[in-house]
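K.L.:
Contents of upload.cif (mmCIF, C-alpha atoms) are below:
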data_run
loop_
_atom_site.group_PDB
_atom_site.id
_atom_site.type_symbol
_atom_site.label_atom_id
_atom_site.label_comp_id
_atom_site.auth_asym_id
_atom_site.auth_seq_id
_atom_site.Cartn_x
_atom_site.Cartn_y
_atom_site.Cartn_z
ATOM 1 C CA MET A 1 -11.877 -8.842 -7.400
ATOM 2 C CA ILE A 2 -10.898 -7.119 -10.626
ATOM 3 C CA LYS A 3 -13.360 -6.382 -13.424
ATOM 4 C CA SER A 4 -11.861 -5.343 -16.747
ATOM 5 C CA LEU A 5 -13.858 -2.873 -18.803
ATOM 6 C CA GLU A 6 -13.689 -3.297 -22.553
ATOM 7 C CA LYS A 7 -15.403 0.044 -23.112
ATOM 8 C CA PRO A 8 -14.816 3.290 -21.165
ATOM 9 C CA LEU A 9 -17.514 4.442 -18.768
ATOM 10 C CA ASN A 10 -19.655 7.368 -19.846
ATOM 11 C CA MET A 11 -20.465 10.147 -17.365
ATOM 12 C CA HIS A 12 -23.877 8.697 -16.502
ATOM 13 C CA GLN A 13 -22.232 5.381 -15.646
ATOM 14 C CA ALA A 14 -19.515 7.183 -13.650
ATOM 15 C CA LEU A 15 -22.120 9.052 -11.606
ATOM 16 C CA SER A 16 -24.040 5.826 -10.937
ATOM 17 C CA LEU A 17 -20.827 4.099 -9.884
ATOM 18 C CA TYR A 18 -19.962 7.038 -7.596
ATOM 19 C CA LYS A 19 -23.368 6.831 -5.895
ATOM 20 C CA LEU A 20 -22.954 3.105 -5.361
ATOM 21 C CA ALA A 21 -19.349 3.440 -4.134
ATOM 22 C CA SER A 22 -20.403 6.138 -1.667
ATOM 23 C CA LYS A 23 -22.955 3.896 0.006
ATOM 24 C CA CYS A 24 -21.383 0.432 -0.164
ATOM 25 C CA GLU A 25 -19.309 -1.071 2.636
ATOM 26 C CA GLY A 26 -16.316 -2.060 0.497
ATOM 27 C CA SER A 27 -14.291 0.052 -1.869
ATOM 28 C CA ILE A 28 -14.471 0.497 -5.634
ATOM 29 C CA SER A 29 -11.499 1.878 -7.553
ATOM 30 C CA LEU A 30 -10.628 2.374 -11.197
ATOM 31 C CA GLN A 31 -7.146 1.552 -12.445
ATOM 32 C CA THR A 32 -5.343 1.828 -15.776
ATOM 33 C CA GLU A 33 -2.799 -0.554 -17.256
ATOM 34 C CA ASN A 34 0.000 1.683 -15.959
ATOM 35 C CA HIS A 35 -1.434 1.332 -12.418
ATOM 36 C CA THR A 36 -2.870 4.835 -12.078
ATOM 37 C CA LYS A 37 -5.646 4.312 -9.533
ATOM 38 C CA VAL A 38 -8.552 6.442 -8.306
ATOM 39 C CA SER A 39 -11.376 5.798 -5.848
ATOM 40 C CA ALA A 40 -14.879 5.716 -7.348
ATOM 41 C CA SER A 41 -16.182 7.359 -4.159
ATOM 42 C CA LYS A 42 -14.295 10.590 -4.956
ATOM 43 C CA LEU A 43 -16.320 12.106 -7.793
ATOM 44 C CA PRO A 44 -13.995 14.965 -8.882
ATOM 45 C CA SER A 45 -10.986 12.644 -9.018
ATOM 46 C CA MET A 46 -12.905 9.945 -10.864
ATOM 47 C CA VAL A 47 -14.273 12.400 -13.460
ATOM 48 C CA SER A 48 -10.791 13.831 -14.062
ATOM 49 C CA PHE A 49 -9.416 10.309 -14.346
ATOM 50 C CA LEU A 50 -12.045 9.283 -16.911
ATOM 51 C CA LEU A 51 -11.662 12.475 -18.945
ATOM 52 C CA THR A 52 -7.922 11.937 -19.298
ATOM 53 C CA GLN A 53 -8.232 8.335 -20.506
ATOM 54 C CA SER A 54 -8.556 7.571 -24.192
ATOM 55 C CA SER A 55 -10.835 4.839 -25.449
ATOM 56 C CA GLN A 56 -7.694 2.802 -26.195
ATOM 57 C CA HIS A 57 -6.666 2.590 -22.536
ATOM 58 C CA LYS A 58 -7.750 -0.492 -20.664
ATOM 59 C CA ILE A 59 -9.506 0.373 -17.395
ATOM 60 C CA SER A 60 -10.224 -2.094 -14.633
ATOM 61 C CA LEU A 61 -12.530 -1.865 -11.642
ATOM 62 C CA ILE A 62 -10.995 -3.060 -8.410
ATOM 63 C CA LEU A 63 -13.567 -4.243 -5.897
ATOM 64 C CA GLU A 64 -12.369 -4.717 -2.341
ATOM 65 C CA ASN A 65 -14.432 -6.215 0.482
ATOM 66 C CA ILE A 66 -17.611 -6.348 -1.593
ATOM 67 C CA GLN A 67 -19.363 -9.651 -1.017
ATOM 68 C CA ASP A 68 -23.010 -8.628 -1.413
ATOM 69 C CA GLU A 69 -24.464 -10.198 -4.567
ATOM 70 C CA GLU A 70 -26.910 -7.292 -5.000
ATOM 71 C CA THR A 71 -24.056 -4.771 -5.044
ATOM 72 C CA LEU A 72 -22.054 -6.906 -7.481
ATOM 73 C CA SER A 73 -25.099 -7.209 -9.711
ATOM 74 C CA GLU A 74 -25.637 -3.440 -9.604
ATOM 75 C CA ILE A 75 -21.992 -2.862 -10.589
ATOM 76 C CA GLN A 76 -22.439 -5.276 -13.503
ATOM 77 C CA SER A 77 -25.585 -3.418 -14.567
ATOM 78 C CA ILE A 78 -23.919 0.008 -14.380
ATOM 79 C CA CYS A 79 -20.918 -1.107 -16.416
ATOM 80 C CA THR A 80 -22.965 -2.755 -19.141
ATOM 81 C CA GLU A 81 -25.728 -0.168 -19.621
ATOM 82 C CA ASN A 82 -25.903 1.444 -23.058
ATOM 83 C CA THR A 83 -23.838 -1.277 -24.680
ATOM 84 C CA GLU A 84 -24.972 -3.447 -27.537
ATOM 85 C CA GLN A 85 -23.565 -6.648 -26.040
ATOM 86 C CA PRO A 86 -23.788 -6.456 -22.230
ATOM 87 C CA SER A 87 -22.377 -9.901 -21.618
ATOM 88 C CA SER A 88 -19.133 -9.161 -23.470
ATOM 89 C CA SER A 89 -18.434 -5.662 -22.175
ATOM 90 C CA LEU A 90 -17.400 -6.757 -18.693
ATOM 91 C CA THR A 91 -15.203 -9.696 -17.836
ATOM 92 C CA MET A 92 -14.489 -10.861 -14.314
ATOM 93 C CA GLN A 93 -11.189 -12.119 -12.968
ATOM 94 C CA LEU A 94 -10.812 -13.251 -9.382
ATOM 95 C CA HIS A 95 -7.504 -12.389 -7.696
#
Would you kindly transcribe this structure into structure tokens?

P.N.:
Amino acid sequence: MIKSLEKPLNMHQALSLYKLASKCEGSISLQTENHTKVSASKLPSMVSFLLTQSSQHKISLILENIQDEETLSEIQSICTENTEQPSSSLTMQLH
């Protein structure tokens, strides 16, 4: 499953995503339009990745082997916190 972010993650969101990725059974990765990919469970790499992306770059979350609705809901919550329009800041595409 791929989730496209319309707004870059802030560091609080990145840390929350790292904590979730470290404990969930599947894998969570971030990927840019040019296919640069980093695992959300590797905090230093993810922070470097996010710091080098401009707000104009489209970033997607790639969720692999995550079927638990609670985990998916938590990911949705993390990615939409601190946004004015939570429902429009994260779109889901099934692949």

K.L.:
When you look at Glu70 (chain A) with a cut-off of 12 Å (counting only C-alpha atoms), what residues show up, excluding the ones that are within fewer than 5 positions of it in the same chain? I need them as a PyMOL selection string.

P.N.:
chain A and resi 20+24+75-77

K.L.:
Region 35-37 of chain A: which residues within 12 Å, counting all atoms listed in the file, same-chain residues fewer than 2 positions away excluded, as a PyMOL selection string?

P.N.:
chain A and resi 28-33+39-40+42+45-46+48-50+52-53+57-62

K.L.:
Between A:Glu25, A:Lys19, A:Met11, A:Ser4, single out the one closest to Gln67 (chain A), counting all atoms listed in the file.

P.N.:
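When distances to Gln67 (chain A) are compared using all atoms listed in the file, the smallest one comes from A:Glu25.
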
K.L.:
Could you tell me how far CA of Glu64 (chain A) lies from CA of Ser41 (chain A), in Å and to one decimal?

P.N.:
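If I compute the distance from CA of Glu64 (chain A) to CA of Ser41 (chain A), I get 12.8 Å.
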
K.L.:
Could you state the separation of CA of Ile2 (chain A) and CA of Leu51 (chain A) in Å, given to one decimal place?

P.N.:
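For CA of Ile2 (chain A) relative to CA of Leu51 (chain A), the distance reads 21.3 Å.
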
K.L.:
If you count only C-alpha atoms, which residues fall within 10 Å of Gly26 (chain A), apart from same-chain ones fewer than 6 positions away, as a PyMOL selection string?

P.N.:
chain A and resi 63-68+71

K.L.:
Output C-alpha atoms for every residue in that selection, as a PDB file, in the frame of the given file.

P.N.:
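Once written, out-v5.pdb looks like this:
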ATOM      1  CA  LEU A  63     -13.567  -4.243  -5.897  1.00  0.00           C
ATOM      2  CA  GLU A  64     -12.369  -4.717  -2.341  1.00  0.00           C
ATOM      3  CA  ASN A  65     -14.432  -6.215   0.482  1.00  0.00           C
ATOM      4  CA  ILE A  66     -17.611  -6.348  -1.593  1.00  0.00           C
ATOM      5  CA  GLN A  67     -19.363  -9.651  -1.017  1.00  0.00           C
ATOM      6  CA  ASP A  68     -23.010  -8.628  -1.413  1.00  0.00           C
ATOM      7  CA  THR A  71     -24.056  -4.771  -5.044  1.00  0.00           C
TER       8      THR A  71
END

K.L.:
Report the distance between CA of Cys79 (chain A) and CA of Gln13 (chain A) in Å, rounded to one decimal place.

P.N.:
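If I compute the distance from CA of Cys79 (chain A) to CA of Gln13 (chain A), I get 6.7 Å.
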